[in-house]
file protein.pdb (PDB, C-alpha atoms and all ligand atoms)
ATOM      1  CA  MET A 243     -55.543 118.379  72.027
ATOM      2  CA  ARG A 244     -58.098 118.442  74.823
ATOM      3  CA  LYS A 245     -55.328 117.705  77.296
ATOM      4  CA  VAL A 246     -53.252 120.636  76.059
ATOM      5  CA  SER A 247     -56.277 122.850  76.315
ATOM      6  CA  ARG A 248     -56.822 121.932  79.946
ATOM      7  CA  ARG A 249     -53.157 122.432  80.767
ATOM      8  CA  ALA A 250     -53.282 125.811  79.106
ATOM      9  CA  VAL A 251     -55.830 126.704  81.749
ATOM     10  CA  VAL A 252     -53.590 125.329  84.518
ATOM     11  CA  PHE A 253     -50.671 127.400  83.314
ATOM     12  CA  GLY A 254     -52.720 130.524  82.715
ATOM     13  CA  GLY A 255     -50.561 133.054  80.943
ATOM     14  CA  MET A 256     -48.238 130.396  79.650
ATOM     15  CA  GLY A 257     -50.965 129.042  77.409
ATOM     16  CA  ALA A 258     -49.487 130.518  74.264
ATOM     17  CA  LEU A 259     -46.164 128.867  74.918
ATOM     18  CA  VAL A 260     -47.785 125.533  75.695
ATOM     19  CA  ALA A 261     -49.837 125.570  72.522
ATOM     20  CA  ALA A 262     -46.951 126.731  70.361
ATOM     21  CA  CYS A 263     -44.686 124.033  71.718
ATOM     22  CA  SER A 264     -47.214 121.250  71.356
ATOM     23  CA  SER A 265     -47.859 122.089  67.745
ATOM     24  CA  GLU A 266     -44.128 121.950  67.077
ATOM     25  CA  ASN A 267     -43.272 118.621  68.632
ATOM     26  CA  GLY A 268     -46.675 117.005  68.680
ATOM     27  CA  ASP A 269     -46.230 116.065  72.333
ATOM     28  CA  PRO A 270     -49.014 117.280  74.570
ATOM     29  CA  ASP A 271     -46.972 116.641  77.712
ATOM     30  CA  ILE A 272     -45.117 119.912  77.757
ATOM     31  CA  ARG A 273     -41.893 119.980  79.731
ATOM     32  CA  VAL A 274     -40.661 123.451  78.905
ATOM     33  CA  VAL A 275     -42.779 125.708  81.082
ATOM     34  CA  PRO A 276     -40.343 127.427  83.458
ATOM     35  CA  GLY A 277     -41.121 128.041  87.111
ATOM     36  CA  GLN A 278     -44.325 126.018  87.034
ATOM     37  CA  ARG A 279     -44.799 122.307  87.378
ATOM     38  CA  GLU A 280     -42.240 119.562  87.060
ATOM     39  CA  PRO A 281     -42.809 117.092  84.231
ATOM     40  CA  GLY A 282     -44.007 114.325  86.591
ATOM     41  CA  ASP A 283     -46.784 116.516  87.952
ATOM     42  CA  HIS A 284     -49.105 115.901  85.053
ATOM     43  CA  GLU A 285     -50.379 112.739  86.743
ATOM     44  CA  GLU A 286     -51.554 114.823  89.655
ATOM     45  CA  ALA A 287     -52.998 117.457  87.350
ATOM     46  CA  ALA A 288     -55.079 114.771  85.665
ATOM     47  CA  THR A 289     -56.939 114.047  88.919
ATOM     48  CA  GLU A 290     -57.854 117.679  89.531
ATOM     49  CA  PRO A 291     -61.343 118.908  88.695
ATOM     50  CA  THR A 292     -61.377 119.733  85.011
ATOM     51  CA  PRO A 293     -61.941 123.455  84.456
ATOM     52  CA  GLU A 294     -63.973 124.775  81.570
ATOM     53  CA  PRO A 295     -61.972 124.403  78.365
ATOM     54  CA  THR A 296     -60.284 127.563  77.210
ATOM     55  CA  PRO A 297     -59.736 128.336  73.527
ATOM     56  CA  GLU A 298     -56.240 127.473  72.471
ATOM     57  CA  PRO A 299     -54.415 130.440  71.078
ATOM     58  CA  GLU A 300     -53.364 129.561  67.551
ATOM     59  CA  ASP A 301     -51.213 132.588  67.054
ATOM     60  CA  PRO A 302     -49.822 135.115  69.507
ATOM     61  CA  THR A 303     -53.017 137.144  69.844
ATOM     62  CA  THR A 304     -53.095 136.817  73.626
ATOM     63  CA  VAL A 305     -50.656 139.712  73.836
ATOM     64  CA  LEU A 306     -50.085 142.602  71.499
ATOM     65  CA  GLN A 307     -46.639 143.638  72.640
ATOM     66  CA  GLU A 308     -43.689 141.796  74.119
ATOM     67  CA  GLY A 309     -41.790 143.254  77.066
ATOM     68  CA  GLU A 310     -42.227 146.542  78.902
ATOM     69  CA  TRP A 311     -45.206 148.684  78.016
ATOM     70  CA  GLY A 312     -45.211 152.353  78.929
ATOM     71  CA  GLY A 313     -48.940 152.900  78.661
ATOM     72  CA  THR A 314     -51.772 153.129  81.158
ATOM     73  CA  HIS A 315     -54.719 150.890  81.966
ATOM     74  CA  GLN A 316     -57.903 152.272  83.403
ATOM     75  CA  GLU A 317     -61.504 151.193  83.635
ATOM     76  CA  GLU A 318     -64.375 153.539  83.061
ATOM     77  CA  LEU A 319     -68.084 152.804  83.083
ATOM     78  CA  LEU A 320     -70.711 153.197  80.403
ATOM     79  CA  LEU A 321     -74.060 154.392  81.815
ATOM     80  CA  PRO A 322     -72.573 154.534  85.339
ATOM     81  CA  GLY A 323     -75.014 154.279  88.218
ATOM     82  CA  THR A 324     -77.685 152.567  86.152
ATOM     83  CA  ALA A 325     -78.704 148.921  86.214
ATOM     84  CA  TRP A 326     -77.085 148.623  82.777
ATOM     85  CA  GLU A 327     -73.669 150.018  83.605
ATOM     86  CA  THR A 328     -70.768 148.143  82.087
ATOM     87  CA  GLY A 329     -67.002 148.486  81.931
ATOM     88  CA  LEU A 330     -64.993 150.305  79.302
ATOM     89  CA  ILE A 331     -61.324 149.355  79.456
ATOM     90  CA  VAL A 332     -58.957 152.052  78.240
ATOM     91  CA  ARG A 333     -55.478 150.981  77.146
ATOM     92  CA  ASP A 334     -53.645 154.188  76.316
ATOM     93  CA  SER A 335     -50.129 153.702  74.946
ATOM     94  CA  GLY A 336     -49.186 157.299  75.742
ATOM     95  CA  ILE A 337     -47.931 157.628  72.158
ATOM     96  CA  SER A 338     -50.062 159.490  69.670
ATOM     97  CA  GLY A 339     -51.804 157.300  67.152
ATOM     98  CA  PRO A 340     -55.177 155.911  66.123
ATOM     99  CA  VAL A 341     -57.980 155.309  68.593
ATOM    100  CA  VAL A 342     -59.926 152.063  68.261
ATOM    101  CA  LEU A 343     -63.112 151.160  70.120
ATOM    102  CA  VAL A 344     -64.149 147.488  70.287
ATOM    103  CA  LEU A 345     -67.682 146.458  71.313
ATOM    104  CA  GLY A 346     -68.484 142.909  72.461
ATOM    105  CA  GLY A 347     -71.745 141.560  73.808
ATOM    106  CA  VAL A 348     -74.068 144.000  72.083
ATOM    107  CA  HIS A 349     -76.180 140.875  71.578
ATOM    108  CA  GLY A 350     -76.320 138.446  74.490
ATOM    109  CA  ASN A 351     -76.429 135.204  72.495
ATOM    110  CA  GLU A 352     -73.231 135.908  70.545
ATOM    111  CA  PRO A 353     -70.616 134.694  73.053
ATOM    112  CA  GLY A 354     -67.585 134.754  70.764
ATOM    113  CA  SER A 355     -67.913 138.524  70.676
ATOM    114  CA  TRP A 356     -67.497 139.030  74.410
ATOM    115  CA  LEU A 357     -65.095 136.121  74.976
ATOM    116  CA  GLY A 358     -62.845 137.681  72.349
ATOM    117  CA  ALA A 359     -63.287 141.226  73.616
ATOM    118  CA  GLU A 360     -62.485 140.301  77.212
ATOM    119  CA  GLN A 361     -59.106 138.943  76.060
ATOM    120  CA  MET A 362     -58.485 142.167  74.153
ATOM    121  CA  THR A 363     -58.738 144.153  77.394
ATOM    122  CA  ALA A 364     -55.235 142.867  78.204
ATOM    123  CA  TRP A 365     -53.719 144.076  74.931
ATOM    124  CA  GLU A 366     -51.088 146.798  75.049
ATOM    125  CA  PRO A 367     -51.113 148.916  71.902
ATOM    126  CA  ALA A 368     -47.761 150.119  70.567
ATOM    127  CA  ARG A 369     -49.273 153.523  69.825
ATOM    128  CA  GLY A 370     -52.623 155.197  70.049
ATOM    129  CA  THR A 371     -55.386 153.988  72.343
ATOM    130  CA  LEU A 372     -57.470 150.830  72.498
ATOM    131  CA  LEU A 373     -60.871 151.037  74.174
ATOM    132  CA  VAL A 374     -62.797 147.833  74.803
ATOM    133  CA  ALA A 375     -66.327 147.369  76.161
ATOM    134  CA  PRO A 376     -66.616 143.571  76.309
ATOM    135  CA  TYR A 377     -70.117 143.234  77.809
ATOM    136  CA  VAL A 378     -72.191 146.026  76.337
ATOM    137  CA  ASN A 379     -75.591 144.467  77.056
ATOM    138  CA  VAL A 380     -75.005 142.759  80.423
ATOM    139  CA  HIS A 381     -78.598 141.694  81.046
ATOM    140  CA  ALA A 382     -78.940 140.115  77.623
ATOM    141  CA  ILE A 383     -75.666 138.257  78.244
ATOM    142  CA  ASP A 384     -76.970 137.022  81.601
ATOM    143  CA  ALA A 385     -80.119 135.816  79.861
ATOM    144  CA  PHE A 386     -78.160 134.510  76.848
ATOM    145  CA  GLU A 387     -80.683 136.211  74.586
ATOM    146  CA  ARG A 388     -80.031 138.490  71.623
ATOM    147  CA  THR A 389     -81.631 141.187  73.765
ATOM    148  CA  LEU A 390     -84.741 141.620  75.896
ATOM    149  CA  GLU A 391     -87.790 143.563  74.791
ATOM    150  CA  GLU A 392     -87.487 146.043  77.639
ATOM    151  CA  LEU A 393     -83.838 146.699  76.790
ATOM    152  CA  GLY A 394     -84.221 147.308  73.072
ATOM    153  CA  ASP A 395     -81.912 146.123  70.317
ATOM    154  CA  MET A 396     -78.924 148.432  70.415
ATOM    155  CA  ASN A 397     -77.919 147.640  66.870
ATOM    156  CA  ARG A 398     -81.234 149.038  65.640
ATOM    157  CA  LEU A 399     -81.158 152.122  67.860
ATOM    158  CA  TYR A 400     -78.278 154.324  66.710
ATOM    159  CA  PRO A 401     -77.640 157.195  67.126
ATOM    160  CA  GLY A 402     -79.233 156.497  70.504
ATOM    161  CA  ASP A 403     -80.968 158.785  72.946
ATOM    162  CA  HIS A 404     -80.092 159.445  76.584
ATOM    163  CA  ALA A 405     -83.742 160.250  77.318
ATOM    164  CA  SER A 406     -85.075 156.998  75.843
ATOM    165  CA  ASP A 407     -87.029 154.455  77.874
ATOM    166  CA  LEU A 408     -84.949 151.758  76.182
ATOM    167  CA  PRO A 409     -81.646 151.203  78.015
ATOM    168  CA  MET A 410     -79.881 150.084  74.855
ATOM    169  CA  GLU A 411     -80.935 153.269  73.085
ATOM    170  CA  GLN A 412     -79.249 155.109  75.960
ATOM    171  CA  MET A 413     -76.216 152.837  75.500
ATOM    172  CA  ALA A 414     -75.977 153.665  71.803
ATOM    173  CA  ALA A 415     -75.897 157.362  72.710
ATOM    174  CA  GLU A 416     -73.266 156.604  75.357
ATOM    175  CA  VAL A 417     -71.076 154.770  72.844
ATOM    176  CA  LEU A 418     -71.256 157.704  70.437
ATOM    177  CA  ASP A 419     -70.351 160.049  73.320
ATOM    178  CA  VAL A 420     -67.262 157.900  73.931
ATOM    179  CA  ALA A 421     -66.440 158.000  70.223
ATOM    180  CA  ARG A 422     -66.635 161.805  70.241
ATOM    181  CA  ALA A 423     -64.741 162.268  73.515
ATOM    182  CA  TRP A 424     -61.876 159.995  72.498
ATOM    183  CA  GLU A 425     -61.964 160.975  68.820
ATOM    184  CA  VAL A 426     -62.279 157.310  67.896
ATOM    185  CA  ASP A 427     -61.104 156.489  64.377
ATOM    186  CA  LEU A 428     -62.335 152.908  64.125
ATOM    187  CA  LEU A 429     -65.321 151.229  65.780
ATOM    188  CA  LEU A 430     -65.123 147.435  65.627
ATOM    189  CA  ASP A 431     -68.536 146.019  66.489
ATOM    190  CA  LEU A 432     -68.148 142.271  67.110
ATOM    191  CA  HIS A 433     -71.114 140.002  66.435
ATOM    192  CA  GLU A 434     -72.218 136.507  65.538
ATOM    193  CA  SER A 435     -74.912 135.338  63.174
ATOM    194  CA  TRP A 436     -76.357 131.828  63.039
ATOM    195  CA  GLY A 437     -75.722 130.962  59.393
ATOM    196  CA  PHE A 438     -72.777 131.562  57.123
ATOM    197  CA  TYR A 439     -73.558 134.205  54.534
ATOM    198  CA  ALA A 440     -72.003 132.127  51.756
ATOM    199  CA  GLU A 441     -74.236 129.170  52.619
ATOM    200  CA  TYR A 442     -77.549 131.077  52.527
ATOM    201  CA  PRO A 443     -77.275 133.111  49.342
ATOM    202  CA  ASP A 444     -80.908 134.217  49.360
ATOM    203  CA  ASN A 445     -80.819 135.498  52.910
ATOM    204  CA  ALA A 446     -81.030 139.211  53.488
ATOM    205  CA  GLY A 447     -81.589 139.140  57.256
ATOM    206  CA  TYR A 448     -79.286 139.147  60.211
ATOM    207  CA  TYR A 449     -79.616 135.397  60.857
ATOM    208  CA  ALA A 450     -77.204 134.381  58.100
ATOM    209  CA  ILE A 451     -74.527 136.993  57.729
ATOM    210  CA  GLY A 452     -71.818 134.922  59.401
ATOM    211  CA  GLN A 453     -68.226 135.412  58.172
ATOM    212  CA  THR A 454     -68.795 138.899  56.828
ATOM    213  CA  VAL A 455     -67.073 142.250  57.182
ATOM    214  CA  THR A 456     -69.095 145.374  56.510
ATOM    215  CA  THR A 457     -67.762 148.907  56.604
ATOM    216  CA  GLY A 458     -70.059 151.781  57.398
ATOM    217  CA  LYS A 459     -69.793 155.449  56.575
ATOM    218  CA  GLY A 460     -66.500 157.084  57.515
ATOM    219  CA  PRO A 461     -63.068 158.245  56.347
ATOM    220  CA  LEU A 462     -61.721 154.664  56.206
ATOM    221  CA  SER A 463     -64.704 153.475  54.176
ATOM    222  CA  PRO A 464     -64.899 151.167  52.351
ATOM    223  CA  GLY A 465     -61.263 150.228  51.892
ATOM    224  CA  PHE A 466     -60.432 149.385  55.477
ATOM    225  CA  GLY A 467     -62.874 146.527  55.831
ATOM    226  CA  GLU A 468     -61.955 145.182  52.419
ATOM    227  CA  SER A 469     -58.249 145.198  53.244
ATOM    228  CA  LEU A 470     -58.980 143.651  56.618
ATOM    229  CA  ALA A 471     -60.935 140.776  55.085
ATOM    230  CA  ASN A 472     -58.294 140.180  52.443
ATOM    231  CA  ARG A 473     -55.603 140.160  55.074
ATOM    232  CA  VAL A 474     -57.178 137.624  57.434
ATOM    233  CA  ASN A 475     -58.448 135.420  54.621
ATOM    234  CA  GLN A 476     -54.861 134.423  53.944
ATOM    235  CA  GLN A 477     -54.916 132.708  57.375
ATOM    236  CA  PHE A 478     -58.535 131.541  57.498
ATOM    237  CA  THR A 479     -59.767 128.222  56.141
ATOM    238  CA  GLU A 480     -61.972 128.043  53.071
ATOM    239  CA  ARG A 481     -65.193 127.946  55.100
ATOM    240  CA  GLU A 482     -63.995 130.723  57.395
ATOM    241  CA  GLN A 483     -63.305 133.171  54.574
ATOM    242  CA  MET A 484     -64.636 136.612  55.453
ATOM    243  CA  ILE A 485     -66.929 138.008  52.783
ATOM    244  CA  ILE A 486     -66.917 141.734  52.166
ATOM    245  CA  ARG A 487     -70.460 143.079  52.297
ATOM    246  CA  ASP A 488     -71.408 146.342  50.752
ATOM    247  CA  GLY A 489     -72.015 148.784  53.559
ATOM    248  CA  GLU A 490     -73.447 151.415  51.235
ATOM    249  CA  HIS A 491     -76.976 150.340  52.039
ATOM    250  CA  TYR A 492     -76.360 150.977  55.719
ATOM    251  CA  ARG A 493     -74.162 154.041  55.673
ATOM    252  CA  ALA A 494     -76.438 157.024  55.625
ATOM    253  CA  PRO A 495     -78.544 157.876  58.644
ATOM    254  CA  ARG A 496     -82.128 157.416  57.593
ATOM    255  CA  VAL A 497     -85.564 156.657  58.917
ATOM    256  CA  PHE A 498     -86.029 153.209  60.406
ATOM    257  CA  ASP A 499     -87.612 150.857  57.916
ATOM    258  CA  PHE A 500     -89.100 147.693  59.373
ATOM    259  CA  ASN A 501     -88.611 145.811  56.107
ATOM    260  CA  HIS A 502     -84.888 146.604  56.189
ATOM    261  CA  PRO A 503     -84.202 146.477  59.883
ATOM    262  CA  MET A 504     -80.518 147.258  59.522
ATOM    263  CA  SER A 505     -81.025 150.341  57.461
ATOM    264  CA  GLY A 506     -79.669 153.425  59.029
ATOM    265  CA  ARG A 507     -79.857 152.461  62.676
ATOM    266  CA  SER A 508     -77.136 149.853  63.146
ATOM    267  CA  SER A 509     -73.618 150.735  64.252
ATOM    268  CA  LEU A 510     -72.742 151.021  60.553
ATOM    269  CA  ALA A 511     -74.547 154.361  60.591
ATOM    270  CA  ALA A 512     -72.492 155.649  63.534
ATOM    271  CA  GLY A 513     -70.007 157.404  61.263
ATOM    272  CA  GLY A 514     -72.867 159.578  60.090
ATOM    273  CA  TYR A 515     -73.168 161.018  63.589
ATOM    274  CA  VAL A 516     -69.524 161.241  64.683
ATOM    275  CA  GLY A 517     -67.000 162.988  62.482
ATOM    276  CA  GLY A 518     -63.857 160.982  61.744
ATOM    277  CA  LEU A 519     -65.370 157.678  62.883
ATOM    278  CA  THR A 520     -65.513 154.613  60.644
ATOM    279  CA  PRO A 521     -67.568 151.648  61.916
ATOM    280  CA  VAL A 522     -66.773 148.095  60.858
ATOM    281  CA  LEU A 523     -69.171 145.255  61.644
ATOM    282  CA  ILE A 524     -67.628 141.811  62.091
ATOM    283  CA  GLU A 525     -69.975 138.808  61.990
ATOM    284  CA  MET A 526     -68.869 135.247  62.729
ATOM    285  CA  GLY A 527     -71.087 132.296  61.815
ATOM    286  CA  GLN A 528     -72.285 130.039  64.652
ATOM    287  CA  GLU A 529     -73.591 127.077  62.653
ATOM    288  CA  ASN A 530     -71.161 124.171  63.038
ATOM    289  CA  GLN A 531     -68.410 126.500  64.170
ATOM    290  CA  PRO A 532     -67.475 126.109  67.867
ATOM    291  CA  VAL A 533     -67.432 129.161  70.093
ATOM    292  CA  GLU A 534     -63.727 128.632  70.742
ATOM    293  CA  ARG A 535     -63.047 129.027  67.048
ATOM    294  CA  ARG A 536     -65.336 132.050  66.692
ATOM    295  CA  THR A 537     -63.517 133.672  69.589
ATOM    296  CA  ALA A 538     -60.125 132.939  68.049
ATOM    297  CA  LEU A 539     -61.256 134.430  64.727
ATOM    298  CA  GLN A 540     -62.514 137.602  66.444
ATOM    299  CA  LEU A 541     -59.129 137.918  68.115
ATOM    300  CA  ARG A 542     -57.312 137.428  64.844
ATOM    301  CA  ILE A 543     -59.360 139.907  62.874
ATOM    302  CA  THR A 544     -59.143 142.570  65.577
ATOM    303  CA  ARG A 545     -55.414 141.975  65.862
ATOM    304  CA  ALA A 546     -55.133 142.353  62.075
ATOM    305  CA  ALA A 547     -57.028 145.663  62.231
ATOM    306  CA  LEU A 548     -54.581 146.964  64.835
ATOM    307  CA  ASP A 549     -51.692 145.724  62.690
ATOM    308  CA  MET A 550     -53.059 147.716  59.748
ATOM    309  CA  LEU A 551     -53.159 150.823  61.954
ATOM    310  CA  GLU A 552     -49.597 150.099  63.173
ATOM    311  CA  MET A 553     -50.830 149.732  66.739
ATOM    312  CA  ALA A 554     -49.629 146.145  67.144
TER
HETATM  313 ZN    ZN A 601     -75.296 140.649  66.821
END

call {"tool": "encode", "arguments": {"input": "protein.pdb", "output": "structure tokens"}}
result
Amino acid sequence: MRKVSRRAVVFGGMGALVAACSSENGDPDIRVVPGQREPGDHEEAATEPTPEPTPEPEDPTTVLQEGEWGGTHQEELLLPGTAWETGLIVRDSGISGPVVLVLGGVHGNEPGSWLGAEQMTAWEPARGTLLVAPYVNVHAIDAFERTLEELGDMNRLYPGDHASDLPMEQMAAEVLDVARAWEVDLLLDLHESWGFYAEYPDNAGYYAIGQTVTTGKGPLSPGFGESLANRVNQQFTEREQMIIRDGEHYRAPRVFDFNHPMSGRSSLAAGGYVGGLTPVLIEMGQENQPVERRTALQLRITRAALDMLEMA
């Protein structure tokens, strides 16, 4: 399988075909990629420097649509002109429909969130608009830390404040501005947690809420997240099953409470500040689950959300 993975990198966009074929015939030496290498070339490929392994697509989540797409692709910036500016990719189908905003990299030590989100920037929605900010907290990603003290923890700082000394409090305000300007229906906030929620039943903190879906306040609450979890669980393994957490505790905007650090100021509260917006928090567990798999699961669950909204 490692060999297929490396060849998927060599063939770039043909990766999905390579993986699909290999799983069918069990032969990692793929001979069906048109316009690329001849079958004998794999000897030569084996002597090339080995690139970083790329996650193997396990279902066709690398693209959303087949064939011609009539939409537009543009890149905007969040907090432009600051040291914390970061890209917001806008994929507008040109056909009226739901608007979905995906956030990756809110926390810098949760790589599956941004590795998944960066692949989503290539998706072409069938209707509506897909907005993706893959690297929300660029300095935390560079440092591979949850966040840095001087930046603030964005997921404890909603609704944000453009006048704040904390850059991530400014970013939270910026994200809500985007949600208002684009009339975003669904905010998918992609995260990772160390432990699996099901394996640490006494845990109430953020360090063991892996494999959970939580829906915050909003018009799609709470049914959307529940349906989403039920939908993907049909494809996920037993350990990967997404658990539906009750977002009620986090829905209403309220005063920050140190003993309940998620209360009121995580993205789950965002719907309390932006009419029509429903936030959904996706958490993948890191413990004994490779980043490639976490990335693939983020892609699958986001794809499933777009399917539910008839955007895929
Ligand atoms: Zn996180």

call {"tool": "residues_near_ligand", "arguments": {"input": "protein.pdb", "ligand": "ligand ZN 601 (chain A)", "cutoff": "9 Å", "atoms": "only C-alpha atoms and all ligand atoms", "output": "number ranges by chain"}}
result
A: 347-352, 355, 388, 397, 431-435, 448, 525

call {"tool": "resolve_selection", "arguments": {"input": "protein.pdb", "expression": "the PyMOL selection byres (((chain A and resi 376-387) around 9) and not hetatm)", "output": "PDB file with C-alpha atoms, keeping the file's coordinate frame"}}
result
ATOM      1  CA  LEU A 320     -70.711 153.197  80.403  1.00  0.00           C
ATOM      2  CA  ALA A 325     -78.704 148.921  86.214  1.00  0.00           C
ATOM      3  CA  TRP A 326     -77.085 148.623  82.777  1.00  0.00           C
ATOM      4  CA  GLU A 327     -73.669 150.018  83.605  1.00  0.00           C
ATOM      5  CA  THR A 328     -70.768 148.143  82.087  1.00  0.00           C
ATOM      6  CA  GLY A 329     -67.002 148.486  81.931  1.00  0.00           C
ATOM      7  CA  LEU A 330     -64.993 150.305  79.302  1.00  0.00           C
ATOM      8  CA  ILE A 331     -61.324 149.355  79.456  1.00  0.00           C
ATOM      9  CA  VAL A 344     -64.149 147.488  70.287  1.00  0.00           C
ATOM     10  CA  LEU A 345     -67.682 146.458  71.313  1.00  0.00           C
ATOM     11  CA  GLY A 346     -68.484 142.909  72.461  1.00  0.00           C
ATOM     12  CA  GLY A 347     -71.745 141.560  73.808  1.00  0.00           C
ATOM     13  CA  VAL A 348     -74.068 144.000  72.083  1.00  0.00           C
ATOM     14  CA  HIS A 349     -76.180 140.875  71.578  1.00  0.00           C
ATOM     15  CA  GLY A 350     -76.320 138.446  74.490  1.00  0.00           C
ATOM     16  CA  ASN A 351     -76.429 135.204  72.495  1.00  0.00           C
ATOM     17  CA  GLU A 352     -73.231 135.908  70.545  1.00  0.00           C
ATOM     18  CA  PRO A 353     -70.616 134.694  73.053  1.00  0.00           C
ATOM     19  CA  SER A 355     -67.913 138.524  70.676  1.00  0.00           C
ATOM     20  CA  TRP A 356     -67.497 139.030  74.410  1.00  0.00           C
ATOM     21  CA  LEU A 357     -65.095 136.121  74.976  1.00  0.00           C
ATOM     22  CA  GLY A 358     -62.845 137.681  72.349  1.00  0.00           C
ATOM     23  CA  ALA A 359     -63.287 141.226  73.616  1.00  0.00           C
ATOM     24  CA  GLU A 360     -62.485 140.301  77.212  1.00  0.00           C
ATOM     25  CA  GLN A 361     -59.106 138.943  76.060  1.00  0.00           C
ATOM     26  CA  MET A 362     -58.485 142.167  74.153  1.00  0.00           C
ATOM     27  CA  THR A 363     -58.738 144.153  77.394  1.00  0.00           C
ATOM     28  CA  VAL A 374     -62.797 147.833  74.803  1.00  0.00           C
ATOM     29  CA  ALA A 375     -66.327 147.369  76.161  1.00  0.00           C
ATOM     30  CA  ARG A 388     -80.031 138.490  71.623  1.00  0.00           C
ATOM     31  CA  THR A 389     -81.631 141.187  73.765  1.00  0.00           C
ATOM     32  CA  LEU A 390     -84.741 141.620  75.896  1.00  0.00           C
ATOM     33  CA  LEU A 393     -83.838 146.699  76.790  1.00  0.00           C
ATOM     34  CA  MET A 396     -78.924 148.432  70.415  1.00  0.00           C
ATOM     35  CA  MET A 410     -79.881 150.084  74.855  1.00  0.00           C
ATOM     36  CA  MET A 413     -76.216 152.837  75.500  1.00  0.00           C
TER      37      MET A 413
END

call {"tool": "resolve_selection", "arguments": {"input": "protein.pdb", "expression": "the PyMOL selection byres (((chain A and resi 547) around 10) and not hetatm)", "output": "ChimeraX atom specification"}}
result
/A:342,428,430,466-467,469-471,473-474,541-546,548-554

call {"tool": "resolve_selection", "arguments": {"input": "protein.pdb", "expression": "the PyMOL selection byres (((chain A and resi 517) around 9) and not hetatm)", "output": "list in words"}}
result
Arg422, Glu425, Asp427, Gly460, Pro461, Gly513, Gly514, Tyr515, Val516, Gly518, Leu519 and Thr520 of chain A

call {"tool": "residues_around", "arguments": {"input": "protein.pdb", "residues": "Gln316 of chain A", "least_positions_apart": "2", "cutoff": "7 Å", "atoms": "all atoms listed in the file", "output": "MDAnalysis selection string"}}
result
chainID A and resid 314 318 331:333

call {"tool": "atom_distance", "arguments": {"input": "protein.pdb", "atom1": "atom CA of Thr371 of chain A", "atom2": "atom CA of Glu308 of chain A"}}
result
17.0 Å

call {"tool": "residues_near_point", "arguments": {"input": "protein.pdb", "point": "(-62.6, 131.9, 52.6)", "cutoff": "12 Å", "atoms": "all atoms listed in the file", "output": "ChimeraX atom specification"}}
result
/A:438-441,452-454,471-486

call {"tool": "write_last_selection", "arguments": {"input": "protein.pdb", "atoms": "C-alpha atoms", "output": "mmCIF file, keeping the file's coordinate frame"}}
result
data_model
loop_
_atom_site.group_PDB
_atom_site.id
_atom_site.type_symbol
_atom_site.label_atom_id
_atom_site.label_comp_id
_atom_site.auth_asym_id
_atom_site.auth_seq_id
_atom_site.Cartn_x
_atom_site.Cartn_y
_atom_site.Cartn_z
ATOM 1 C CA PHE A 438 -72.777 131.562 57.123
ATOM 2 C CA TYR A 439 -73.558 134.205 54.534
ATOM 3 C CA ALA A 440 -72.003 132.127 51.756
ATOM 4 C CA GLU A 441 -74.236 129.170 52.619
ATOM 5 C CA GLY A 452 -71.818 134.922 59.401
ATOM 6 C CA GLN A 453 -68.226 135.412 58.172
ATOM 7 C CA THR A 454 -68.795 138.899 56.828
ATOM 8 C CA ALA A 471 -60.935 140.776 55.085
ATOM 9 C CA ASN A 472 -58.294 140.180 52.443
ATOM 10 C CA ARG A 473 -55.603 140.160 55.074
ATOM 11 C CA VAL A 474 -57.178 137.624 57.434
ATOM 12 C CA ASN A 475 -58.448 135.420 54.621
ATOM 13 C CA GLN A 476 -54.861 134.423 53.944
ATOM 14 C CA GLN A 477 -54.916 132.708 57.375
ATOM 15 C CA PHE A 478 -58.535 131.541 57.498
ATOM 16 C CA THR A 479 -59.767 128.222 56.141
ATOM 17 C CA GLU A 480 -61.972 128.043 53.071
ATOM 18 C CA ARG A 481 -65.193 127.946 55.100
ATOM 19 C CA GLU A 482 -63.995 130.723 57.395
ATOM 20 C CA GLN A 483 -63.305 133.171 54.574
ATOM 21 C CA MET A 484 -64.636 136.612 55.453
ATOM 22 C CA ILE A 485 -66.929 138.008 52.783
ATOM 23 C CA ILE A 486 -66.917 141.734 52.166
#

call {"tool": "closest_residue", "arguments": {"input": "protein.pdb", "among": "A:Leu523, A:Ala415, A:Val305, A:Leu319", "to": "Leu429 of chain A", "atoms": "all atoms listed in the file"}}
result
A:Leu523

call {"tool": "atom_distance", "arguments": {"input": "protein.pdb", "atom1": "atom CA of Trp365 of chain A", "atom2": "atom CA of Gly313 of chain A"}}
result
10.7 Å

call {"tool": "residues_around", "arguments": {"input": "protein.pdb", "residues": "Asp407 of chain A", "least_positions_apart": "4", "cutoff": "10 Å", "atoms": "only C-alpha atoms", "output": "list in words"}}
result
Glu392, Leu393, Gly394, Asp403, Glu411 and Gln412 of chain A

call {"tool": "write_last_selection", "arguments": {"input": "protein.pdb", "atoms": "C-alpha atoms", "output": "short mmCIF file (atom, residue, chain, number, x, y, z; two decimals), in the coordinates of the input"}}
result
data_model
loop_
_atom_site.label_atom_id
_atom_site.label_comp_id
_atom_site.auth_asym_id
_atom_site.auth_seq_id
_atom_site.Cartn_x
_atom_site.Cartn_y
_atom_site.Cartn_z
CA GLU A 392 -87.49 146.04 77.64
CA LEU A 393 -83.84 146.70 76.79
CA GLY A 394 -84.22 147.31 73.07
CA ASP A 403 -80.97 158.78 72.95
CA GLU A 411 -80.94 153.27 73.08
CA GLN A 412 -79.25 155.11 75.96
#

call {"tool": "residues_near_point", "arguments": {"input": "protein.pdb", "point": "(-48.3, 153.6, 73.3)", "cutoff": "9 Å", "atoms": "all atoms listed in the file", "output": "list in words"}}
result
Trp311, Gly312, Gly313, Thr314, Arg333, Asp334, Ser335, Gly336, Ile337, Ser338, Gly339, Glu366, Pro367, Ala368, Arg369, Gly370, Thr371 and Met553 of chain A
